[in-house]
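A.B. asks: See run-v4.cif below, with mmCIF, C-alpha atoms.
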```cif
data_run
#
loop_
_atom_site.label_atom_id
_atom_site.label_comp_id
_atom_site.auth_asym_id
_atom_site.auth_seq_id
_atom_site.Cartn_x
_atom_site.Cartn_y
_atom_site.Cartn_z
CA MET A 1 0.00 0.00 0.00
CA THR A 2 1.78 3.14 -1.13
CA VAL A 3 0.66 6.69 -0.66
CA PRO A 4 1.74 9.15 -3.37
CA CYS A 5 3.92 12.16 -2.66
CA VAL A 6 1.87 15.37 -3.04
CA GLU A 7 4.71 17.03 -4.95
CA CYS A 8 5.83 14.38 -7.43
CA GLY A 9 3.67 11.28 -7.05
CA GLY A 10 6.54 9.10 -5.86
CA ARG A 11 6.32 6.76 -2.87
CA ALA A 12 5.61 8.88 0.22
CA ILE A 13 7.69 8.11 3.32
CA LEU A 14 6.55 10.85 5.66
CA LYS A 15 3.44 12.81 6.66
CA ARG A 16 4.62 16.27 7.70
CA PRO A 17 3.42 17.29 11.15
CA LYS A 18 3.09 20.96 10.32
CA ASN A 19 0.73 20.59 7.37
CA ARG A 20 -0.08 16.86 7.03
CA LYS A 21 1.41 16.73 3.52
CA GLU A 22 2.70 13.38 2.30
CA LEU A 23 6.23 13.51 0.86
CA CYS A 24 8.65 11.11 -0.76
CA LYS A 25 12.29 10.92 0.31
CA GLU A 26 13.74 13.36 -2.21
CA CYS A 27 10.95 15.91 -1.86
CA PHE A 28 11.27 15.68 1.92
CA TYR A 29 15.02 16.37 1.75
CA SER A 30 14.37 19.36 -0.53
CA VAL A 31 11.65 20.86 1.61
CA PHE A 32 13.54 20.26 4.86
CA GLU A 33 16.74 21.87 3.59
CA GLU A 34 14.98 24.72 1.78
CA GLU A 35 12.88 25.72 4.79
CA ILE A 36 15.96 25.94 6.99
CA HIS A 37 17.72 27.98 4.30
CA GLN A 38 14.72 30.35 4.25
CA THR A 39 14.76 30.62 8.06
CA ILE A 40 18.44 31.59 7.87
CA ILE A 41 17.94 34.13 5.10
CA GLN A 42 14.72 35.74 6.35
CA ASN A 43 16.15 36.22 9.84
CA ASN A 44 19.56 37.43 8.62
CA LEU A 45 21.28 34.94 10.84
CA PHE A 46 24.74 35.14 9.26
CA LYS A 47 27.06 37.49 7.36
CA ARG A 48 29.58 36.51 4.75
CA GLY A 49 33.01 35.68 6.14
CA GLU A 50 31.82 34.93 9.68
CA THR A 51 33.24 32.07 11.70
CA ILE A 52 30.44 30.02 13.24
CA ALA A 53 30.77 27.59 16.13
CA ILE A 54 28.29 24.72 15.84
CA GLY A 55 27.37 23.49 19.34
CA ALA A 56 27.86 19.77 18.83
CA SER A 57 26.95 17.12 21.35
CA GLY A 58 26.84 14.10 19.07
CA GLY A 59 23.08 13.95 19.49
CA LYS A 60 20.44 13.97 16.77
CA ASP A 61 19.89 17.73 16.58
CA SER A 62 23.51 18.80 16.50
CA THR A 63 24.48 16.07 14.03
CA VAL A 64 21.74 17.11 11.62
CA LEU A 65 22.69 20.75 12.28
CA ALA A 66 26.33 20.15 11.35
CA HIS A 67 25.28 18.26 8.22
CA THR A 68 22.76 20.92 7.18
CA MET A 69 24.98 23.92 7.92
CA LYS A 70 27.76 22.42 5.83
CA LEU A 71 25.38 21.53 3.02
CA LEU A 72 23.64 24.92 2.88
CA ASN A 73 26.91 26.83 3.29
CA GLU A 74 28.21 25.10 0.17
CA ARG A 75 24.97 25.00 -1.83
CA HIS A 76 24.06 28.68 -1.28
CA ASP A 77 27.59 30.02 -0.82
CA TYR A 78 27.02 31.63 2.57
CA GLY A 79 30.81 32.10 2.78
CA LEU A 80 31.00 30.92 6.40
CA ASN A 81 33.82 29.14 8.26
CA LEU A 82 32.30 26.35 10.31
CA ILE A 83 33.75 24.78 13.45
CA LEU A 84 32.36 22.04 15.69
CA LEU A 85 32.41 23.02 19.36
CA SER A 86 31.76 20.36 21.94
CA ILE A 87 31.49 20.58 25.71
CA ASP A 88 32.52 17.73 27.97
CA GLU A 89 30.49 18.06 31.17
CA GLY A 90 32.22 15.10 32.75
CA ILE A 91 29.31 12.68 32.88
CA SER A 92 30.93 9.27 32.70
CA GLY A 93 29.31 6.75 30.43
CA TYR A 94 27.16 9.40 28.76
CA ARG A 95 29.35 12.22 27.57
CA ASP A 96 32.42 10.08 26.79
CA ASP A 97 30.36 8.08 24.32
CA SER A 98 28.67 11.03 22.70
CA LEU A 99 32.03 12.76 22.25
CA GLU A 100 33.17 9.75 20.24
CA THR A 101 30.23 10.48 17.95
CA VAL A 102 31.32 14.12 17.57
CA LYS A 103 34.82 12.97 16.68
CA ARG A 104 33.30 10.81 13.96
CA ASN A 105 31.21 13.81 12.81
CA GLN A 106 34.43 15.79 12.52
CA LEU A 107 35.75 13.27 10.02
CA GLN A 108 32.44 12.74 8.23
CA TYR A 109 31.86 16.46 7.64
CA SER A 110 35.54 17.49 7.47
CA LEU A 111 35.01 20.24 10.03
CA PRO A 112 37.52 21.28 12.69
CA LEU A 113 36.55 20.27 16.24
CA LYS A 114 37.27 21.83 19.63
CA ILE A 115 36.35 20.11 22.89
CA LEU A 116 36.19 22.08 26.14
CA SER A 117 35.55 20.48 29.52
CA TYR A 118 33.88 21.65 32.70
CA GLN A 119 36.92 20.28 34.49
CA GLU A 120 39.30 22.67 32.78
CA LEU A 121 36.89 25.61 32.85
CA TYR A 122 35.45 25.33 36.33
CA GLY A 123 37.34 22.60 38.16
CA TRP A 124 34.12 20.59 38.59
CA THR A 125 32.69 17.71 36.53
CA MET A 126 28.94 17.07 36.53
CA ASP A 127 29.58 13.77 38.27
CA ALA A 128 31.29 15.65 41.11
CA ILE A 129 28.54 18.27 41.18
CA VAL A 130 25.80 15.66 41.42
CA LYS A 131 27.68 13.95 44.25
CA GLU A 132 27.64 17.28 46.04
CA ILE A 133 24.06 18.42 45.38
CA GLY A 134 22.16 15.16 44.92
CA MET A 135 19.83 14.23 42.09
CA LYS A 136 17.73 17.41 42.02
CA ASN A 137 18.52 20.61 40.14
CA ASN A 138 21.34 18.98 38.21
CA CYS A 139 20.16 20.39 34.92
CA THR A 140 20.16 23.90 36.37
CA PHE A 141 23.88 23.69 37.09
CA CYS A 142 24.69 21.96 33.85
CA GLY A 143 22.70 24.36 31.69
CA VAL A 144 24.26 27.46 33.20
CA PHE A 145 27.77 26.08 32.96
CA ARG A 146 27.30 24.81 29.44
CA ARG A 147 26.01 28.12 28.16
CA GLN A 148 29.08 29.89 29.48
CA ALA A 149 31.33 27.10 28.28
CA LEU A 150 30.02 27.50 24.73
CA ASP A 151 30.65 31.24 24.89
CA ARG A 152 34.15 30.78 26.23
CA GLY A 153 34.94 28.15 23.62
CA ALA A 154 33.61 30.33 20.82
CA ALA A 155 35.67 33.27 22.08
CA LEU A 156 38.80 31.11 22.21
CA LEU A 157 38.23 30.08 18.63
CA LYS A 158 37.53 33.67 17.62
CA CYS A 159 34.03 32.85 16.42
CA ASP A 160 31.50 35.48 15.48
CA LYS A 161 28.43 33.42 16.32
CA ILE A 162 27.28 30.17 17.85
CA VAL A 163 24.56 27.97 16.38
CA THR A 164 22.72 25.34 18.39
CA GLY A 165 20.34 22.60 17.32
CA HIS A 166 17.34 23.62 19.43
CA ASN A 167 14.28 22.53 17.50
CA ALA A 168 10.62 23.60 17.51
CA ASP A 169 9.70 20.97 20.11
CA ASP A 170 12.45 22.24 22.44
CA ILE A 171 11.34 25.84 22.16
CA ALA A 172 7.67 24.96 22.67
CA GLU A 173 8.68 23.02 25.79
CA THR A 174 10.64 26.02 27.05
CA VAL A 175 7.66 28.34 26.51
CA ILE A 176 5.45 25.98 28.54
CA MET A 177 8.11 25.58 31.24
CA ASN A 178 8.51 29.33 31.62
CA ILE A 179 4.76 29.83 31.84
CA LEU A 180 4.42 27.08 34.45
CA ARG A 181 7.17 28.65 36.53
CA GLY A 182 6.08 32.23 35.94
CA ASP A 183 9.50 33.15 34.57
CA ILE A 184 8.61 36.14 32.43
CA ALA A 185 12.19 37.23 31.95
CA ARG A 186 13.06 33.97 30.23
CA LEU A 187 9.72 33.80 28.43
CA GLY A 188 10.57 37.04 26.67
CA ARG A 189 13.91 35.72 25.47
CA CYS A 190 13.29 32.04 24.82
CA THR A 191 11.46 32.41 21.51
CA ALA A 192 14.06 34.72 19.98
CA ILE A 193 15.81 33.05 17.08
CA SER A 194 18.96 35.03 17.83
CA THR A 195 20.03 36.02 21.31
CA GLY A 196 22.93 38.09 22.48
CA SER A 197 23.92 41.65 23.19
CA GLU A 198 26.95 43.89 22.77
CA GLY A 199 30.10 42.29 23.96
CA MET A 200 28.66 38.77 23.92
CA ILE A 201 28.86 36.30 21.08
CA SER A 202 25.34 35.91 19.74
CA ARG A 203 23.83 32.52 19.28
CA CYS A 204 21.05 31.44 16.97
CA LYS A 205 18.78 28.50 16.35
CA PRO A 206 18.24 27.68 12.67
CA PHE A 207 15.96 24.77 13.68
CA LYS A 208 13.54 27.03 15.56
CA TYR A 209 10.66 26.02 13.26
CA THR A 210 11.84 22.50 12.52
CA TYR A 211 9.93 19.63 14.07
CA GLU A 212 11.91 17.07 16.05
CA LYS A 213 10.09 14.32 14.15
CA GLU A 214 11.44 15.66 10.85
CA ILE A 215 14.96 15.97 12.22
CA VAL A 216 14.87 12.33 13.29
CA MET A 217 13.36 11.19 9.97
CA TYR A 218 15.95 13.19 8.03
CA ALA A 219 18.77 11.63 10.02
CA HIS A 220 17.22 8.18 9.56
CA PHE A 221 16.84 8.35 5.78
CA LYS A 222 20.17 10.09 5.25
CA LYS A 223 21.76 7.51 7.57
CA LEU A 224 23.39 10.20 9.72
CA ASP A 225 25.36 8.89 12.67
CA TYR A 226 24.17 10.16 16.08
CA PHE A 227 24.27 9.24 19.73
CA THR A 228 21.02 8.24 21.40
CA THR A 229 21.30 7.72 25.11
CA GLU A 230 19.45 9.88 27.61
CA CYS A 231 21.63 11.76 30.07
CA ILE A 232 21.67 9.73 33.28
CA TYR A 233 20.83 12.79 35.35
CA SER A 234 17.89 13.99 33.28
CA PRO A 235 14.98 11.81 34.43
CA ASN A 236 14.36 14.17 37.35
CA ALA A 237 14.41 17.31 35.23
CA TYR A 238 11.41 19.63 35.37
CA ARG A 239 11.54 19.89 31.59
CA GLY A 240 10.30 16.31 31.42
CA ASN A 241 6.84 17.50 32.47
CA ALA A 242 6.73 20.11 29.71
CA ARG A 243 8.01 17.57 27.20
CA THR A 244 5.30 15.03 28.04
CA PHE A 245 2.70 17.76 27.65
CA ILE A 246 4.05 18.90 24.28
CA LYS A 247 4.30 15.33 23.00
CA ASP A 248 0.70 14.59 24.04
CA LEU A 249 -0.42 17.85 22.34
CA GLU A 250 1.44 16.86 19.19
CA GLN A 251 -0.45 13.58 19.00
CA ILE A 252 -3.77 15.44 19.05
CA ARG A 253 -2.85 18.36 16.80
CA PRO A 254 0.74 18.50 15.49
CA ARG A 255 0.44 22.13 14.43
CA ALA A 256 0.17 23.00 18.14
CA ILE A 257 3.96 23.00 18.51
CA LEU A 258 4.41 25.92 16.10
CA ASP A 259 1.35 27.59 17.61
CA VAL A 260 2.78 27.44 21.14
CA ILE A 261 5.95 29.11 19.86
CA LYS A 262 3.86 31.82 18.21
CA SER A 263 1.95 32.37 21.45
CA GLY A 264 5.25 32.66 23.29
CA GLU A 265 6.45 35.25 20.79
CA ASP A 266 3.22 37.22 21.00
CA MET A 267 3.07 37.36 24.77
CA SER A 268 3.76 40.82 26.01
CA ILE A 269 4.45 41.94 29.54
CA LYS A 270 2.51 44.80 31.18
CA ASP A 271 4.53 47.99 31.57
CA ASP A 272 4.39 48.06 35.34
CA VAL A 273 5.86 44.57 35.82
CA LYS A 274 9.34 44.63 37.28
CA MET A 275 11.81 43.00 34.88
CA PRO A 276 15.42 42.16 35.70
CA THR A 277 18.02 44.57 34.34
CA GLN A 278 20.93 43.31 32.36
CA MET A 279 24.40 43.96 33.69
CA THR A 280 27.76 42.24 33.78
CA CYS A 281 29.13 40.00 36.48
CA THR A 282 31.54 41.87 38.73
CA ARG A 283 33.71 38.79 39.04
CA CYS A 284 33.98 37.27 35.57
CA GLY A 285 32.46 39.88 33.26
CA TYR A 286 29.84 37.53 31.88
CA ILE A 287 26.32 38.77 31.16
CA SER A 288 24.17 38.69 34.28
CA SER A 289 20.93 39.98 35.80
CA SER A 290 22.61 40.63 39.14
CA GLU A 291 26.03 41.58 40.47
CA LEU A 292 27.31 38.05 40.38
CA CYS A 293 26.37 35.84 37.43
CA LYS A 294 24.70 32.52 38.07
CA ALA A 295 27.80 30.52 37.20
CA CYS A 296 29.90 32.41 39.75
CA ILE A 297 27.23 32.01 42.42
CA MET A 298 27.06 28.29 41.67
CA LEU A 299 30.81 27.83 41.75
CA ASP A 300 30.94 29.79 44.97
CA GLY A 301 28.32 27.55 46.49
CA LEU A 302 30.04 24.37 45.32
CA ASN A 303 33.47 25.44 46.49
CA ARG A 304 32.18 26.49 49.88
CA GLY A 305 30.16 23.32 50.38
CA LYS A 306 26.92 25.32 50.25
CA PRO A 307 25.54 24.51 46.77
CA GLN A 308 21.98 25.38 47.84
CA LEU A 309 22.99 29.03 47.61
CA SER A 310 22.49 29.04 43.88
CA ILE A 311 19.11 27.37 43.75
CA GLY A 312 15.98 29.35 44.42
CA LYS A 313 15.24 33.02 44.76
CA ALA A 314 17.75 35.70 45.64
CA ASN A 315 16.07 36.70 48.91
CA LYS A 316 16.21 33.10 50.10
CA ARG A 317 19.92 33.14 49.36
CA LYS A 318 20.33 36.25 51.49
CA GLN A 319 18.33 34.55 54.27
CA ILE A 320 20.59 31.50 54.20
CA LEU A 321 23.73 33.60 54.24
CA LYS A 322 22.44 35.69 57.11
CA ALA A 323 21.25 32.67 59.09
CA THR A 324 24.46 30.72 58.64
CA ALA A 325 26.51 33.78 59.56
CA ASP A 326 24.43 34.27 62.74
CA THR A 327 24.40 30.70 63.97
CA GLY A 328 27.58 29.40 62.38
CA SER A 329 25.73 26.32 61.04
CA THR A 330 26.09 25.14 57.47
CA ALA A 331 23.29 25.35 54.91
CA ALA A 332 23.15 21.54 54.85
CA GLU A 333 22.41 21.45 58.58
CA MET A 334 19.64 23.98 58.10
CA PHE A 335 17.80 21.73 55.66
CA SER B 336 -5.24 -48.78 0.50
CA SER B 337 -2.33 -50.33 2.36
CA GLY B 338 1.45 -50.60 2.39
CA ILE B 339 3.63 -47.96 0.75
CA ASN B 340 0.77 -46.24 -1.02
CA ALA B 341 -1.06 -45.78 2.24
CA GLU B 342 2.00 -44.33 3.95
CA TYR B 343 2.62 -42.03 1.01
CA GLY B 344 -0.97 -40.93 1.20
CA GLU B 345 -0.52 -40.08 4.88
CA PHE B 346 2.70 -38.26 4.13
CA GLN B 347 0.94 -36.17 1.48
CA THR B 348 -1.80 -35.35 3.92
CA PHE B 349 0.81 -34.45 6.52
CA GLN B 350 2.67 -32.26 3.98
CA HIS B 351 -0.59 -30.59 3.08
CA TYR B 352 -1.33 -29.71 6.71
CA PHE B 353 2.28 -28.68 7.32
CA ILE B 354 2.16 -26.22 4.44
CA GLN B 355 -1.23 -24.99 5.63
CA ILE B 356 0.16 -24.26 9.08
CA ASN B 357 3.19 -22.41 7.65
CA LEU B 358 1.00 -20.43 5.25
CA SER B 359 -1.08 -19.12 8.09
CA ARG B 360 1.92 -17.94 10.08
CA MET B 361 3.18 -14.49 9.35
CA ASP B 362 6.88 -13.59 9.42
CA ILE B 363 7.70 -9.98 10.09
CA VAL B 364 10.71 -8.03 11.31
CA ILE B 365 10.61 -5.66 14.25
CA GLU B 366 13.43 -3.14 14.59
CA LEU B 367 14.34 -0.63 17.27
CA SER B 368 16.58 2.40 17.30
CA GLY B 369 17.13 5.82 18.85
CA GLY B 370 17.57 4.19 22.24
CA ALA B 371 14.32 2.15 22.11
CA GLU B 372 16.48 -0.98 21.81
CA LEU B 373 17.55 -0.50 25.43
CA LEU B 374 14.10 -1.68 26.51
CA PHE B 375 14.70 -4.88 24.56
CA ASP B 376 18.02 -5.82 26.10
CA GLY B 377 19.87 -3.87 23.43
CA LYS B 378 18.64 -6.11 20.63
CA LYS B 379 17.86 -3.93 17.61
CA ARG B 380 16.40 -6.50 15.23
CA HIS B 381 13.79 -9.17 16.01
CA GLU B 382 12.55 -11.63 13.42
CA VAL B 383 9.19 -12.86 14.61
CA SER B 384 6.69 -15.35 13.33
CA LEU B 385 3.17 -14.41 14.34
CA PRO B 386 0.70 -17.29 14.78
CA GLU B 387 -1.76 -16.25 12.11
CA GLU B 388 -2.66 -13.51 9.69
CA GLY B 389 -4.87 -10.47 10.11
CA TRP B 390 -2.78 -8.63 12.68
CA THR B 391 -3.19 -4.90 12.89
CA LEU B 392 -0.58 -2.73 14.55
CA ALA B 393 -3.14 -2.26 17.34
CA LYS B 394 -2.79 -5.98 18.01
CA LEU B 395 0.96 -6.10 17.48
CA LEU B 396 1.89 -3.42 20.02
CA PRO B 397 0.61 -5.21 23.14
CA TRP B 398 2.07 -8.45 21.75
CA ILE B 399 5.50 -6.79 21.55
CA ARG B 400 5.08 -5.42 25.05
CA ASP B 401 4.15 -8.82 26.42
CA ASN B 402 6.59 -10.99 24.43
CA LEU B 403 9.67 -8.99 23.45
CA LEU B 404 9.92 -6.06 25.87
CA GLN B 405 12.34 -6.69 28.74
CA GLU B 406 11.57 -3.73 31.02
CA ARG B 407 9.63 -0.49 31.63
CA PRO B 408 6.54 -1.08 29.44
CA GLU B 409 5.38 2.45 30.20
CA LEU B 410 8.33 3.78 28.18
CA PHE B 411 7.13 1.88 25.10
CA MET B 412 3.36 2.13 25.23
CA GLN B 413 0.87 4.63 26.55
CA GLY B 414 -2.71 3.38 26.56
CA LYS B 415 -3.35 1.59 23.28
CA THR B 416 -0.58 3.23 21.28
CA VAL B 417 3.15 3.93 21.44
CA ARG B 418 4.43 6.43 23.98
CA PRO B 419 4.40 9.89 22.39
CA GLY B 420 7.91 10.58 21.13
CA ILE B 421 8.38 7.14 19.57
CA LEU B 422 8.18 7.20 15.77
CA VAL B 423 6.83 4.16 13.95
CA LEU B 424 7.84 3.27 10.39
CA VAL B 425 6.24 0.46 8.39
CA ASN B 426 8.45 -0.69 5.51
CA ASP B 427 10.52 2.44 6.02
CA ALA B 428 7.60 4.83 5.75
CA ASP B 429 5.74 6.90 8.38
CA TRP B 430 2.94 4.82 9.92
CA GLU B 431 0.69 7.88 9.70
CA LEU B 432 0.57 7.23 5.95
CA VAL B 433 -0.96 3.79 6.38
CA GLY B 434 -3.49 4.39 9.13
CA GLU B 435 -1.34 3.97 12.22
CA LEU B 436 -2.88 1.40 14.55
CA ASP B 437 -5.41 0.31 11.91
CA TYR B 438 -2.78 -0.89 9.46
CA THR B 439 -3.01 -4.62 8.76
CA LEU B 440 0.38 -6.32 8.63
CA GLN B 441 1.47 -8.24 5.54
CA ARG B 442 3.91 -11.12 5.39
CA GLY B 443 7.48 -9.79 5.21
CA ASP B 444 6.66 -6.35 6.60
CA SER B 445 9.18 -4.60 8.78
CA VAL B 446 8.14 -2.31 11.61
CA LEU B 447 10.71 0.11 13.01
CA PHE B 448 10.36 2.00 16.30
CA ILE B 449 12.63 5.05 16.65
CA SER B 450 12.75 6.76 20.00
CA THR B 451 13.26 10.53 19.93
CA LEU B 452 13.29 10.86 23.69
CA HIS B 453 16.86 11.82 24.35
CA GLY B 454 19.12 14.83 24.11
CA GLY B 455 20.03 16.36 20.79
#
```
Transcribe the structure of this file into structure tokens.
C.D. replies:
Amino acid sequence: MTVPCVECGGRAILKRPKNRKELCKECFYSVFEEEIHQTIIQNNLFKRGETIAIGASGGKDSTVLAHTMKLLNERHDYGLNLILLSIDEGISGYRDDSLETVKRNQLQYSLPLKILSYQELYGWTMDAIVKEIGMKNNCTFCGVFRRQALDRGAALLKCDKIVTGHNADDIAETVIMNILRGDIARLGRCTAISTGSEGMISRCKPFKYTYEKEIVMYAHFKKLDYFTTECIYSPNAYRGNARTFIKDLEQIRPRAILDVIKSGEDMSIKDDVKMPTQMTCTRCGYISSSELCKACIMLDGLNRGKPQLSIGKANKRKQILKATADTGSTAAEMF
Amino acid sequence: SSGINAEYGEFQTFQHYFIQINLSRMDIVIELSGGAELLFDGKKRHEVSLPEEGWTLAKLLPWIRDNLLQERPELFMQGKTVRPGILVLVNDADWELVGELDYTLQRGDSVLFISTLHGG
């Protein structure tokens, strides 16, 4: 039983989530690649001659991203220099294996590769961090550190921009997460296709409108090599709740994923709502919404044996610091 | 009849039934990737012979859960269908093209489950 491709009549292999159209392999490749090219062009993501760091983890999104960036750069003559940038968080059994995949990607796509580790940047691996803080809030530490690590790596390599493989499903999940947690500061930023300000290396997401299903199908049919294990620390992540919700929504009405992103973009904040101001960290110079950036606060907490300092609201942090100063007890004893 | 002719007659009858039984079995291939294979002891390819014809995917899924799955059934199925986030391909094409759970399996079909539930 074969279903014809709506474009050319050939054997359809996919029903597109965004518009339910049936496509054959070749037409799917064309549409997939062309839509990403249009996203890049219409949003002016790159300029000729720029050096772009591709955030590469060895996973499905970054593998397809590396493949697509290289392909479009050549096909449409963007004139970009592409580098693979990989971060080793120090998660044994997970990251070591996925880094092997990135090394293979380096050869497959003939792109230079740089690997930076949390150990060399911060003196802490994720394994050591989890031992210190337990199984909750791991992703908070990892996410903050990784973001900075990517920036530092890109700066070292003298890159103009960073691209990451965040796809439509990811961004829809983030919108939902930020709504559930009432994080309006992040909500305002999370749907932007390009983020960054003066002094910081901007980063963009060419897959912002690309469905995860299509990324996986593309990788499957093109036989692209990627790493598939779930991070061992992720099952407890809050994002899991948002992901389940988005996946259930997708089953009912696939278009909902793009619609959630649009809602996130369209949400506006009332004038009288207090928003955090952007400044730079007094210790490391990184972008921050308070005097000390999150990474410095976290490192401080870890190095002092009080990692709870970096989780939760700022006034709670002040309370802990005051209380421990008064009584001389550690934060761990308090909880 | 008796003697060799009788035995040959029985053999023919036996052959006839043997072929009948084989004809009504259905051989298909079940494949797993994207991490889904971890629920099946890491085995990515399973050649199975189903006891008769007329199996829809709706019937196959619980059979897989009960006969091939090694752990955590809730990571493979949710209600009557696959857990959202698991893609299903029949003969290397999206199962949404052939009616999803309502698709009736044919001899020699291959069904591939790709999990997308991991980091990218």
A.B. asks: Using Å and a single decimal, report how far CA of Ile287 (chain A) sits from CA of Arg304 (chain A).
C.D. replies: 23.1 Å
A.B. asks: At a cut-off of 10 Å, which residues of chain A touch chain B? Count all atoms listed in the file and give the answer as JSON, numbers by chain.
C.D. replies: {"A": [1, 2, 3, 4, 11, 12, 13, 14, 15, 16, 17, 20, 21, 22, 23, 24, 25, 56, 57, 58, 59, 60, 61, 62, 63, 64, 65, 164, 165, 166, 167, 170, 212, 213, 215, 216, 217, 220, 221, 226, 227, 228, 229, 230, 231, 234, 240, 243, 244, 245, 246, 247, 248, 249, 250, 251]}
A.B. asks: Measuring between all atoms listed in the file, which one of A:Tyr233, A:Phe46, A:Tyr218, A:Phe28 shows the shortest distance to Val6 (chain A)?
C.D. replies: A:Phe28
A.B. asks: Please report the interatomic distance between CA of Val260 (chain A) and CA of Val423 (chain B) in Å with one decimal.
C.D. replies: 24.7 Å
A.B. asks: So how many Å separate CA of Ile52 (chain A) and CA of Phe207 (chain A), to one decimal?
C.D. replies: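 Straight-line distance from CA of Ile52 (chain A) to CA of Phe207 (chain A) works out to 15.4 Å.
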A.B. asks: Where does the PyMOL selection byres ((chain B and resi 403) around 10) land in this file, that is, which residues does it pick, as a list of chain:residue names?
C.D. replies: B:Ile365, B:Leu374, B:Phe375, B:Asp376, B:Lys378, B:His381, B:Val383, B:Pro397, B:Trp398, B:Ile399, B:Arg400, B:Asp401, B:Asn402, B:Leu404, B:Gln405, B:Glu406
A.B. asks: For Lys394 (chain B), work out the shell of residues within 12 Å, counting all atoms listed in the file and skipping chain neighbours fewer than 6 positions away, then give it as a list in words.
C.D. replies: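 Contacts, in chain order: Leu385, Glu387, Glu388, Arg400, Asp401, Lys415, Thr416, Glu435, Leu436, Asp437, Tyr438, Thr439 and Leu440 of chain B.
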A.B. asks: Using the chain letters and numbering of this document, enumerate as a list in words the residues selected by the PyMOL selection byres ((chain A and resi 239) around 8).
C.D. replies: Glu173, Thr174, Met177, Ala237, Tyr238, Gly240, Asn241, Ala242 and Arg243 of chain A
A.B. asks: Specify as a list in words each residue included when the PyMOL selection byres ((chain A and resi 264) around 10) is applied to this file.
C.D. replies: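 Output of the PyMOL selection byres ((chain A and resi 264) around 10): Ile171, Ala172, Thr174, Val175, Ile176, Asn178, Ile179, Leu187, Gly188, Arg189, Cys190, Thr191, Ala192, Leu258, Asp259, Val260, Ile261, Lys262, Ser263, Glu265, Asp266, Met267 and Ser268 of chain A.
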A.B. asks: For Phe145 (chain A), list every protein, DNA or RNA residue within 12 Å, evaluated using all atoms listed in the file, and leave out those in the same chain fewer than 5 positions away; present the list as a JSON list (two decimals) with C-alpha atoms, in the coordinates of the input.
C.D. replies:
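See part-v2.json below for the written result:
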```
[["chain", "number", "residue", "atom", "x", "y", "z"],
["A", 87, "ILE", "CA", 31.49, 20.58, 25.71],
["A", 88, "ASP", "CA", 32.52, 17.73, 27.97],
["A", 89, "GLU", "CA", 30.49, 18.06, 31.17],
["A", 90, "GLY", "CA", 32.22, 15.10, 32.75],
["A", 116, "LEU", "CA", 36.19, 22.08, 26.14],
["A", 117, "SER", "CA", 35.55, 20.48, 29.52],
["A", 118, "TYR", "CA", 33.88, 21.65, 32.70],
["A", 119, "GLN", "CA", 36.92, 20.28, 34.49],
["A", 121, "LEU", "CA", 36.89, 25.61, 32.85],
["A", 122, "TYR", "CA", 35.45, 25.33, 36.33],
["A", 123, "GLY", "CA", 37.34, 22.60, 38.16],
["A", 124, "TRP", "CA", 34.12, 20.59, 38.59],
["A", 125, "THR", "CA", 32.69, 17.71, 36.53],
["A", 126, "MET", "CA", 28.94, 17.07, 36.53],
["A", 129, "ILE", "CA", 28.54, 18.27, 41.18],
["A", 138, "ASN", "CA", 21.34, 18.98, 38.21],
["A", 139, "CYS", "CA", 20.16, 20.39, 34.92],
["A", 140, "THR", "CA", 20.16, 23.90, 36.37],
["A", 150, "LEU", "CA", 30.02, 27.50, 24.73],
["A", 151, "ASP", "CA", 30.65, 31.24, 24.89],
["A", 152, "ARG", "CA", 34.15, 30.78, 26.23],
["A", 153, "GLY", "CA", 34.94, 28.15, 23.62],
["A", 286, "TYR", "CA", 29.84, 37.53, 31.88],
["A", 293, "CYS", "CA", 26.37, 35.84, 37.43],
["A", 294, "LYS", "CA", 24.70, 32.52, 38.07],
["A", 295, "ALA", "CA", 27.80, 30.52, 37.20],
["A", 296, "CYS", "CA", 29.90, 32.41, 39.75],
["A", 297, "ILE", "CA", 27.23, 32.01, 42.42],
["A", 298, "MET", "CA", 27.06, 28.29, 41.67],
["A", 299, "LEU", "CA", 30.81, 27.83, 41.75]]
```
A.B. asks: Given all atoms listed in the file as the basis, pick out the residue of B:Leu367, B:Leu395, B:Val417, B:Ala341 nearest to Arg380 (chain B).
C.D. replies: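 Smallest distance to Arg380 (chain B) is found for B:Leu367.
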